[in-house]
file data.tsv (TSV, C-alpha atoms and all ligand atoms)
chain	number	residue	atom	x	y	z
A	1	MET	CA	-2.69	0.79	15.55
A	2	LYS	CA	-5.60	-1.21	14.21
A	3	THR	CA	-6.39	-0.56	10.55
A	4	GLU	CA	-10.07	-0.56	9.67
A	5	ILE	CA	-10.79	-1.77	6.12
A	6	CYS	CA	-14.06	-0.39	4.73
A	7	PRO	CA	-15.69	-1.92	1.67
A	8	MET	CA	-17.31	0.65	-0.61
A	9	THR	CA	-19.43	-1.65	-2.73
A	10	THR	CA	-22.90	-0.53	-1.73
A	11	LYS	CA	-24.21	3.00	-1.22
A	12	GLU	CA	-25.19	2.10	2.35
A	13	GLU	CA	-21.64	1.19	3.35
A	14	ARG	CA	-20.04	3.96	1.35
A	15	ARG	CA	-21.47	7.15	2.79
A	16	PRO	CA	-20.94	6.45	6.53
A	17	ALA	CA	-17.43	5.14	5.87
A	18	ILE	CA	-16.50	8.27	3.92
A	19	LEU	CA	-17.85	10.47	6.70
A	20	ARG	CA	-15.78	8.62	9.31
A	21	ALA	CA	-12.70	8.75	7.07
A	22	ALA	CA	-13.14	12.51	6.55
A	23	LYS	CA	-13.35	12.99	10.31
A	24	LEU	CA	-10.15	10.99	10.79
A	25	LEU	CA	-8.40	13.21	8.24
A	26	ARG	CA	-9.52	16.36	10.04
A	27	GLU	CA	-8.12	14.89	13.28
A	28	GLY	CA	-4.70	14.47	11.66
A	29	LYS	CA	-5.02	10.72	11.12
A	30	LEU	CA	-4.22	8.68	7.98
A	31	VAL	CA	-6.68	7.18	5.51
A	32	ALA	CA	-5.77	5.21	2.37
A	33	PHE	CA	-8.22	5.77	-0.46
A	34	PRO	CA	-8.68	4.89	-4.14
A	35	THR	CA	-7.94	7.27	-6.98
A	36	GLU	CA	-8.18	6.56	-10.71
A	37	THR	CA	-4.37	6.12	-10.89
A	38	VAL	CA	-3.27	4.20	-7.75
A	39	TYR	CA	-4.36	4.09	-4.10
A	40	GLY	CA	-3.20	7.10	-2.08
A	41	LEU	CA	-2.17	7.41	1.57
A	42	GLY	CA	-4.05	10.52	2.68
A	43	GLY	CA	-3.48	12.99	5.48
A	44	ASN	CA	-4.42	16.62	6.07
A	45	GLY	CA	-2.09	18.50	3.72
A	46	LEU	CA	-2.17	21.66	5.84
A	47	ASP	CA	-1.20	19.84	9.05
A	48	PRO	CA	2.58	19.40	9.40
A	49	GLN	CA	2.09	16.56	11.90
A	50	ALA	CA	-0.12	14.64	9.49
A	51	SER	CA	2.60	14.97	6.84
A	52	SER	CA	5.18	13.61	9.26
A	53	ARG	CA	2.89	10.66	9.97
A	54	ILE	CA	2.62	9.97	6.23
A	55	TYR	CA	6.41	9.87	5.87
A	56	ALA	CA	6.71	7.61	8.91
A	57	ALA	CA	3.97	5.21	7.73
A	58	LYS	CA	5.59	4.83	4.30
A	59	GLY	CA	9.18	4.85	5.52
A	60	ARG	CA	9.76	7.63	3.01
A	61	PRO	CA	12.53	10.23	3.06
A	62	SER	CA	11.00	13.55	4.10
A	63	ASP	CA	12.72	15.52	1.31
A	64	ASN	CA	10.35	13.82	-1.15
A	65	PRO	CA	7.37	16.18	-1.43
A	66	LEU	CA	3.69	15.19	-1.36
A	67	ILE	CA	0.89	15.89	-3.84
A	68	LEU	CA	-2.07	17.87	-2.45
A	69	HIS	CA	-5.40	16.49	-3.68
A	70	ILE	CA	-8.41	18.78	-4.07
A	71	SER	CA	-12.06	18.16	-4.93
A	72	ASP	CA	-12.83	21.33	-6.87
A	73	ARG	CA	-10.83	23.81	-8.90
A	74	SER	CA	-11.83	26.60	-6.53
A	75	GLU	CA	-9.68	24.91	-3.86
A	76	LEU	CA	-6.52	25.56	-5.89
A	77	SER	CA	-5.99	29.32	-5.53
A	78	PRO	CA	-5.45	29.40	-1.73
A	79	LEU	CA	-2.60	26.91	-2.19
A	80	VAL	CA	-0.62	28.70	-4.90
A	81	LYS	CA	0.91	32.12	-5.67
A	82	ARG	CA	-0.30	32.32	-9.24
A	83	ILE	CA	-2.02	30.16	-11.84
A	84	PRO	CA	-0.14	30.38	-15.16
A	85	GLU	CA	-2.07	30.36	-18.44
A	86	ALA	CA	-0.62	26.96	-19.37
A	87	ALA	CA	-2.04	25.52	-16.15
A	88	VAL	CA	-5.50	26.87	-16.93
A	89	ARG	CA	-5.45	25.17	-20.30
A	90	LEU	CA	-4.19	21.88	-18.90
A	91	MET	CA	-6.80	21.95	-16.13
A	92	ASP	CA	-9.56	22.69	-18.66
A	93	ALA	CA	-8.44	19.70	-20.69
A	94	PHE	CA	-7.53	17.09	-18.05
A	95	TRP	CA	-9.03	17.92	-14.63
A	96	PRO	CA	-10.45	16.09	-12.86
A	97	GLY	CA	-8.04	13.34	-13.89
A	98	PRO	CA	-4.59	11.77	-13.77
A	99	LEU	CA	-2.63	15.03	-14.00
A	100	THR	CA	-0.59	16.71	-11.26
A	101	LEU	CA	0.57	20.30	-11.74
A	102	ILE	CA	3.46	22.05	-10.00
A	103	PHE	CA	2.86	25.65	-8.86
A	104	GLU	CA	4.69	28.20	-6.71
A	105	LYS	CA	3.29	27.54	-3.27
A	106	SER	CA	1.43	30.00	-1.05
A	107	GLU	CA	2.20	30.62	2.62
A	108	ARG	CA	-0.68	28.34	3.63
A	109	VAL	CA	1.12	25.21	2.45
A	110	PRO	CA	3.46	23.96	5.17
A	111	ASP	CA	7.08	23.18	4.27
A	112	GLU	CA	6.54	19.71	5.73
A	113	SER	CA	4.21	18.84	2.82
A	114	THR	CA	6.58	20.06	0.12
A	115	GLY	CA	9.87	18.75	1.47
A	116	GLY	CA	10.99	22.35	1.94
A	117	LEU	CA	10.47	23.31	-1.74
A	118	ASN	CA	8.84	26.63	-2.63
A	119	THR	CA	6.59	24.82	-5.09
A	120	VAL	CA	3.59	22.58	-4.48
A	121	ALA	CA	2.12	19.69	-6.47
A	122	VAL	CA	-1.68	19.72	-6.83
A	123	ARG	CA	-4.04	17.16	-8.32
A	124	PHE	CA	-7.83	17.01	-8.73
A	125	PRO	CA	-8.58	13.28	-9.02
A	126	SER	CA	-11.61	11.99	-10.93
A	127	HIS	CA	-12.36	8.97	-8.72
A	128	PRO	CA	-15.76	9.56	-7.04
A	129	VAL	CA	-14.64	8.14	-3.68
A	130	ALA	CA	-11.54	10.37	-3.67
A	131	GLN	CA	-13.64	13.41	-4.55
A	132	GLU	CA	-16.25	12.73	-1.89
A	133	LEU	CA	-13.61	12.09	0.77
A	134	ILE	CA	-11.69	15.30	0.05
A	135	ARG	CA	-14.89	17.34	-0.11
A	136	GLU	CA	-16.10	16.00	3.25
A	137	ALA	CA	-12.68	16.43	4.86
A	138	GLY	CA	-12.77	20.10	3.84
A	139	VAL	CA	-8.97	20.25	3.56
A	140	PRO	CA	-6.50	19.52	0.78
A	141	VAL	CA	-5.47	15.89	1.19
A	142	ALA	CA	-1.75	15.14	0.91
A	143	ALA	CA	-1.42	11.69	-0.61
A	144	PRO	CA	1.56	9.78	-1.88
A	145	SER	CA	0.98	6.33	-3.31
A	146	ALA	CA	-0.14	4.04	-0.45
A	147	ASN	CA	2.81	1.64	-0.56
A	148	LEU	CA	5.83	1.20	1.66
A	149	SER	CA	8.69	3.18	0.18
A	150	GLY	CA	10.49	0.90	-2.29
A	151	HIS	CA	7.42	-1.21	-3.15
A	152	PRO	CA	5.29	-0.86	-6.32
A	153	SER	CA	2.33	1.52	-6.00
A	154	PRO	CA	-0.85	-0.28	-4.90
A	155	THR	CA	-3.63	-0.79	-7.42
A	156	THR	CA	-5.94	-2.68	-5.03
A	157	ALA	CA	-6.89	-2.26	-1.36
A	158	GLU	CA	-5.28	-5.68	-0.70
A	159	HIS	CA	-1.93	-4.29	-1.88
A	160	VAL	CA	-2.40	-1.34	0.48
A	161	ALA	CA	-3.18	-3.67	3.39
A	162	GLU	CA	-0.10	-5.83	2.62
A	163	ASP	CA	2.12	-2.77	2.99
A	164	LEU	CA	0.34	-0.53	5.49
A	165	SER	CA	-1.84	-2.66	7.74
A	166	GLY	CA	-1.19	-1.48	11.30
A	167	ARG	CA	0.40	1.76	10.02
A	168	VAL	CA	-2.73	3.69	8.92
A	169	ASP	CA	-6.10	4.24	10.57
A	170	MET	CA	-8.40	3.28	7.71
A	171	ILE	CA	-8.39	1.86	4.17
A	172	LEU	CA	-11.32	2.61	1.85
A	173	ASP	CA	-11.67	-0.41	-0.44
A	174	ALA	CA	-13.32	0.45	-3.76
A	175	GLY	CA	-11.76	-2.42	-5.70
A	176	PRO	CA	-9.02	-2.24	-8.33
A	177	VAL	CA	-8.16	1.19	-9.72
A	178	GLU	CA	-8.68	2.02	-13.36
A	179	ILE	CA	-5.33	3.27	-14.68
A	180	GLY	CA	-2.70	1.55	-12.57
A	181	LEU	CA	0.20	4.01	-13.02
A	182	GLU	CA	0.72	7.27	-11.11
A	183	SER	CA	-0.40	10.62	-12.54
A	184	THR	CA	1.56	12.61	-15.11
A	185	ILE	CA	3.37	15.47	-13.34
A	186	ILE	CA	3.78	18.71	-15.29
A	187	ASP	CA	5.77	21.68	-14.01
A	188	VAL	CA	4.12	24.89	-15.23
A	189	THR	CA	6.32	27.29	-13.24
A	190	GLY	CA	8.94	27.79	-15.98
A	191	GLU	CA	8.80	29.12	-19.52
A	192	THR	CA	8.48	25.68	-21.10
A	193	PRO	CA	6.07	23.29	-19.39
A	194	LEU	CA	7.96	20.13	-18.46
A	195	ILE	CA	6.80	16.59	-17.75
A	196	LEU	CA	8.57	15.58	-14.54
A	197	ARG	CA	6.94	12.13	-14.44
A	198	PRO	CA	5.29	10.48	-17.47
A	199	GLY	CA	1.81	9.05	-16.92
A	200	TYR	CA	-1.55	8.49	-18.52
A	201	ILE	CA	-1.61	12.01	-19.99
A	202	SER	CA	1.05	11.83	-22.69
A	203	LEU	CA	3.59	14.32	-24.05
A	204	GLU	CA	1.54	14.43	-27.27
A	205	GLN	CA	-1.64	15.30	-25.38
A	206	MET	CA	0.14	18.08	-23.52
A	207	ARG	CA	1.53	19.48	-26.77
A	208	GLU	CA	-1.90	19.32	-28.38
A	209	VAL	CA	-3.28	21.55	-25.66
A	210	LEU	CA	-0.30	23.89	-25.20
A	211	GLY	CA	1.46	23.75	-28.55
A	212	GLN	CA	4.69	23.14	-26.64
A	213	GLY	CA	6.27	21.18	-23.80
A	214	ASP	CA	8.98	18.58	-23.20
A	215	PHE	CA	10.12	15.86	-20.84
A	216	ASP	CA	12.39	17.01	-18.02
A	217	PRO	CA	15.75	15.90	-19.52
A	218	ALA	CA	16.74	14.34	-16.21
A	219	ILE	CA	14.07	11.62	-16.44
A	220	LEU	CA	14.93	10.35	-19.89
A	221	GLY	CA	17.99	8.21	-19.28
A	222	LYS	CA	19.85	6.55	-16.47
A	223	PRO	CA	20.14	8.76	-13.39
A	224	ASP	CA	22.94	11.21	-14.08
A	225	PRO	CA	24.56	12.76	-10.98
A	226	ASN	CA	24.95	16.01	-12.95
A	227	LEU	CA	21.26	16.20	-13.87
A	228	ARG	CA	18.97	16.51	-10.87
A	229	PRO	CA	15.37	15.52	-11.66
A	230	LYS	CA	12.99	18.31	-10.69
A	231	ALA	CA	10.62	15.83	-9.07
A	232	PRO	CA	12.71	14.71	-6.10
A	233	GLY	CA	10.94	11.34	-6.04
A	234	MET	CA	12.31	10.49	-9.49
A	235	LYS	CA	15.87	10.31	-8.19
A	236	TYR	CA	15.14	7.33	-5.97
A	237	ARG	CA	15.60	3.83	-7.29
A	238	HIS	CA	11.93	3.46	-6.28
A	239	TYR	CA	10.95	-0.10	-6.60
A	240	ALA	CA	13.50	-2.87	-6.91
A	241	PRO	CA	11.95	-6.30	-7.39
A	242	LYS	CA	13.47	-9.20	-5.48
A	243	ALA	CA	14.23	-10.79	-8.83
A	244	GLU	CA	16.84	-9.57	-11.26
A	245	LEU	CA	14.57	-8.04	-13.89
A	246	THR	CA	15.80	-7.74	-17.49
A	247	ILE	CA	13.90	-6.03	-20.29
A	248	VAL	CA	14.55	-7.33	-23.78
A	249	GLU	CA	13.74	-4.97	-26.64
A	250	GLY	CA	13.86	-5.04	-30.41
A	251	ASP	CA	12.10	-6.83	-33.19
A	252	THR	CA	9.25	-8.99	-31.77
A	253	GLU	CA	10.47	-12.26	-33.19
A	254	ALA	CA	14.01	-11.70	-31.91
A	255	VAL	CA	12.69	-10.62	-28.51
A	256	VAL	CA	10.60	-13.75	-28.09
A	257	LYS	CA	13.50	-15.99	-29.05
A	258	ALA	CA	15.93	-14.17	-26.75
A	259	ILE	CA	13.60	-14.27	-23.75
A	260	ALA	CA	12.73	-17.93	-24.27
A	261	ALA	CA	16.44	-18.78	-24.43
A	262	LEU	CA	17.48	-16.65	-21.44
A	263	ALA	CA	14.62	-17.94	-19.28
A	264	GLY	CA	15.31	-21.53	-20.34
A	265	GLU	CA	18.98	-21.21	-19.35
A	266	LYS	CA	18.17	-19.91	-15.88
A	267	LYS	CA	15.44	-22.48	-15.36
A	268	ALA	CA	17.82	-25.29	-16.32
A	269	LEU	CA	20.20	-24.03	-13.63
A	270	GLY	CA	17.45	-24.46	-11.07
A	271	PHE	CA	16.45	-20.81	-10.59
A	272	ARG	CA	12.89	-19.60	-10.11
A	273	VAL	CA	12.20	-17.73	-13.34
A	274	GLY	CA	9.37	-15.52	-14.59
A	275	ILE	CA	8.44	-14.02	-17.95
A	276	LEU	CA	6.33	-10.89	-18.36
A	277	CYS	CA	4.71	-10.69	-21.77
A	278	PRO	CA	1.58	-9.54	-23.60
A	279	GLU	CA	-1.34	-11.74	-24.63
A	280	GLU	CA	0.03	-11.76	-28.19
A	281	SER	CA	3.14	-13.80	-27.36
A	282	ARG	CA	2.16	-15.80	-24.28
A	283	GLY	CA	1.82	-18.99	-26.30
A	284	ARG	CA	5.44	-18.72	-27.39
A	285	TYR	CA	6.90	-19.29	-23.92
A	286	ASP	CA	7.11	-22.02	-21.28
A	287	ALA	CA	3.58	-21.75	-19.85
A	288	SER	CA	4.79	-22.41	-16.28
A	289	LEU	CA	6.87	-19.19	-16.30
A	290	VAL	CA	4.56	-16.71	-17.96
A	291	LYS	CA	2.53	-13.82	-16.56
A	292	THR	CA	0.37	-12.03	-19.10
A	293	VAL	CA	0.36	-8.32	-18.35
A	294	GLY	CA	-2.21	-7.26	-20.94
A	295	THR	CA	-2.61	-6.89	-24.67
A	296	ARG	CA	-0.61	-4.74	-27.06
A	297	ALA	CA	-3.89	-4.04	-28.85
A	298	ASP	CA	-4.92	-2.02	-25.78
A	299	GLU	CA	-1.89	-0.80	-23.85
A	300	LYS	CA	-4.15	0.51	-21.08
A	301	THR	CA	-4.45	-3.10	-19.98
A	302	ILE	CA	-0.67	-3.26	-19.63
A	303	ALA	CA	-0.55	-0.13	-17.44
A	304	HIS	CA	-3.44	-1.51	-15.43
A	305	ASN	CA	-1.79	-4.84	-14.61
A	306	LEU	CA	1.91	-3.97	-14.45
A	307	TYR	CA	2.30	-3.33	-10.71
A	308	ARG	CA	0.14	-6.30	-9.77
A	309	CYS	CA	2.29	-8.63	-11.90
A	310	LEU	CA	5.49	-7.25	-10.37
A	311	ARG	CA	4.08	-7.76	-6.86
A	312	GLU	CA	3.14	-11.33	-7.77
A	313	PHE	CA	6.66	-12.14	-8.97
A	314	ASP	CA	7.91	-10.86	-5.60
A	315	GLU	CA	5.43	-13.03	-3.70
A	316	GLU	CA	6.47	-16.05	-5.72
A	317	GLU	CA	10.08	-15.17	-4.96
A	318	ALA	CA	11.14	-15.23	-8.58
A	319	GLU	CA	14.93	-14.90	-8.90
A	320	TYR	CA	15.07	-13.86	-12.56
A	321	VAL	CA	12.35	-12.14	-14.54
A	322	PHE	CA	12.53	-11.34	-18.25
A	323	SER	CA	10.12	-8.83	-19.75
A	324	GLU	CA	9.27	-7.70	-23.22
A	325	ALA	CA	9.50	-3.93	-23.79
A	326	PHE	CA	6.26	-1.96	-24.06
A	327	SER	CA	7.28	1.31	-25.66
A	328	ASP	CA	4.89	1.40	-28.63
A	329	GLY	CA	1.81	3.52	-27.93
A	330	PRO	CA	1.15	6.85	-26.20
A	331	LEU	CA	1.32	5.14	-22.80
A	332	GLY	CA	4.69	3.61	-23.68
A	333	ALA	CA	6.72	6.37	-22.04
A	334	ALA	CA	4.91	5.92	-18.73
A	335	ILE	CA	5.00	2.11	-18.75
A	336	MET	CA	8.68	1.95	-19.72
A	337	ASN	CA	9.62	4.66	-17.19
A	338	ARG	CA	8.36	2.39	-14.36
A	339	LEU	CA	9.56	-0.88	-15.88
A	340	VAL	CA	13.07	0.32	-16.75
A	341	LYS	CA	13.52	1.68	-13.22
A	342	ALA	CA	12.32	-1.59	-11.73
A	343	ALA	CA	14.89	-3.31	-13.95
A	344	GLY	CA	17.62	-1.05	-12.61
A	345	TYR	CA	18.14	0.08	-16.25
A	346	ARG	CA	18.96	-3.46	-17.38
A	347	VAL	CA	17.68	-3.30	-20.97
A	348	LEU	CA	19.03	-5.85	-23.40
A	349	PRO	CA	18.74	-5.50	-27.17
A	350	ALA	CA	17.46	-8.78	-28.62
A	351	GLY	CA	20.19	-10.46	-30.59
A	352	GLY	CA	22.79	-8.30	-28.82
A	353	GLU	CA	25.58	-9.32	-26.47
A	354	ASP	CA	25.62	-8.92	-22.72
A	355	GLU	CA	28.03	-6.01	-22.90
A	356	ASN	CA	25.34	-4.12	-24.79
A	357	LEU	CA	23.39	-3.86	-21.54
A	358	SER	CA	22.31	-0.25	-21.44
A	401	LIG	O1	-1.26	9.32	-9.23
A	401	LIG	C1	-0.65	9.88	-8.32
A	401	LIG	O2	-0.04	10.94	-8.48
A	401	LIG	C2	-0.69	9.22	-6.92
A	401	LIG	C3	-2.13	9.27	-6.42
A	401	LIG	C4	-2.26	8.79	-5.01
A	401	LIG	O3	-2.65	10.55	-6.57
A	401	LIG	N1	0.22	9.86	-6.04
A	401	LIG	C5	1.57	9.72	-6.14
A	401	LIG	O4	2.29	10.36	-5.14
A	401	LIG	O5	2.11	9.08	-7.01
A	401	LIG	P1	3.81	10.05	-4.83
A	401	LIG	O6	4.09	10.81	-3.57
A	401	LIG	O7	4.04	8.60	-4.77
A	401	LIG	O8	4.61	10.73	-5.97
A	401	LIG	C6	4.68	12.13	-6.00
A	401	LIG	C7	5.77	12.60	-6.92
A	401	LIG	C8	7.16	12.39	-6.36
A	401	LIG	O9	8.02	11.95	-7.40
A	401	LIG	C9	7.53	13.79	-5.90
A	401	LIG	O10	8.92	14.00	-5.91
A	401	LIG	C10	6.82	14.66	-6.92
A	401	LIG	O11	5.60	14.01	-7.09
A	401	LIG	N2	6.55	16.02	-6.39
A	401	LIG	C11	5.72	16.35	-5.38
A	401	LIG	N3	5.77	17.67	-5.13
A	401	LIG	C12	6.64	18.20	-6.02
A	401	LIG	C13	7.13	19.52	-6.28
A	401	LIG	N4	6.75	20.55	-5.57
A	401	LIG	N5	8.03	19.67	-7.27
A	401	LIG	C14	8.44	18.60	-8.02
A	401	LIG	N6	8.01	17.33	-7.81
A	401	LIG	C15	7.13	17.13	-6.83
A	402	MG	MG	4.94	6.74	-5.01

call {"tool": "encode", "arguments": {"input": "data.tsv", "output": "structure tokens"}}
result
Amino acid sequence: MKTEICPMTTKEERRPAILRAAKLLREGKLVAFPTETVYGLGGNGLDPQASSRIYAAKGRPSDNPLILHISDRSELSPLVKRIPEAAVRLMDAFWPGPLTLIFEKSERVPDESTGGLNTVAVRFPSHPVAQELIREAGVPVAAPSANLSGHPSPTTAEHVAEDLSGRVDMILDAGPVEIGLESTIIDVTGETPLILRPGYISLEQMREVLGQGDFDPAILGKPDPNLRPKAPGMKYRHYAPKAELTIVEGDTEAVVKAIAALAGEKKALGFRVGILCPEESRGRYDASLVKTVGTRADEKTIAHNLYRCLREFDEEEAEYVFSEAFSDGPLGAAIMNRLVKAAGYRVLPAGGEDENLS
């Protein structure tokens, strides 16, 4: 299949491209499109065949359910059995935006979109191109992140094309996304609202609105065979960089020293080495190894650049990558959730011994 890439820079190119993309979606075809979090791989969420095509294009296991994207709150009720009070409050506060809610699903939602679950994930994105596309399609748009399964989520149309060129019908290119990490997923079907995947909307923000809420215990540590995460996607290793990625955490000074030493050792042995660090400490490392992911003064920049940096290390075929930890601010949970998984849970306390690997 030939993949058409449509730039969305000017108004003149944007409207006709969106209309063609919407038509493709109605015909059961696949269109990758920008959202404020990451690019999504869209298909008609009510068409079981379109869902199967999504799984095939991504190479994704079909027990991993899809998020249905809508362009107005009125499109929610046909998809769900009931809308709990907590959901209403969260939607008032954060929709449209980077928040996905889990509801009991209605009969209209095919099992193929939800991996056989009796719940459905719904999101109302704020990106204008996403909104216009969904509105014109006139159907809920099922959209996982537009990467091959096992790769980092795409934050630019180029990343989408690298992974999915020849596997989808169209890519709408609206430039780099704003946030760079996938939406926060909150399950509102139980008594206590639970964050199944941390994201831009933090635990604190949820508690401010609801006065309660927690992380799903299964997502907090290493995968535990006795604790099954409620978001099936969270059980997968997800993205494993080609390099062995190690996160070093602790006191800044100790972290910098430890990373410089570890990277120096590997480099001396002839390995291709990379260092992922913030603006604040870049000058402390071997300049030939460093990628600056953002600034600690504005952790949004770190979320924004993280996946791009990880993709670049892969392209450069780095064999060892050492990263500082980024757990400080409200976005820390989301950033570290992705980074720690990419590191295969290899987190080293600065100043500690190897056997302290946790
Ligand atoms: O920001 C985002 O959410 C992006 C953009 C494109 O909107 N989408 C995204 O989709 O990240 P995906 O498919 O890569 O991740 C969806 C996650 C998976 O971990 C999946 O297991 C979980 O949502 N999920 C979907 N439906 C669910 C359900 N009914 N119950 C629990 N978890 C669900
Ligand atoms: Mg994904």

call {"tool": "closest_residue", "arguments": {"input": "data.tsv", "among": "A:Val120, A:Leu269, A:Ala93, A:Leu68", "to": "ligand LIG 401 (chain A)", "atoms": "all atoms listed in the file"}}
result
A:Val120

call {"tool": "residues_near_ligand", "arguments": {"input": "data.tsv", "ligand": "ligand LIG 401 (chain A)", "cutoff": "7 Å", "atoms": "all atoms listed in the file", "output": "count of residues only"}}
result
34

call {"tool": "residues_around", "arguments": {"input": "data.tsv", "residues": "A:Ala240", "least_positions_apart": "2", "cutoff": "7 Å", "atoms": "only C-alpha atoms", "output": "VMD selection string"}}
result
chain A and resid 150 238 242 342

call {"tool": "closest_residue", "arguments": {"input": "data.tsv", "among": "A:Cys6, A:Ala161, A:Ile186, A:Ile54", "to": "ligand MG 402 (chain A)", "atoms": "all atoms listed in the file"}}
result
A:Ile54

call {"tool": "residues_around", "arguments": {"input": "data.tsv", "residues": "stretch 18-27 of chain A", "least_positions_apart": "2", "cutoff": "12 Å", "atoms": "only C-alpha atoms", "output": "number ranges by chain"}}
result
A: 3-8, 11-16, 29-34, 41-47, 49-51, 53-54, 128-143, 168-174

call {"tool": "residues_around", "arguments": {"input": "data.tsv", "residues": "A:Pro278", "least_positions_apart": "5", "cutoff": "9 Å", "atoms": "only C-alpha atoms", "output": "number ranges by chain"}}
result
A: 291-296, 302, 324, 326
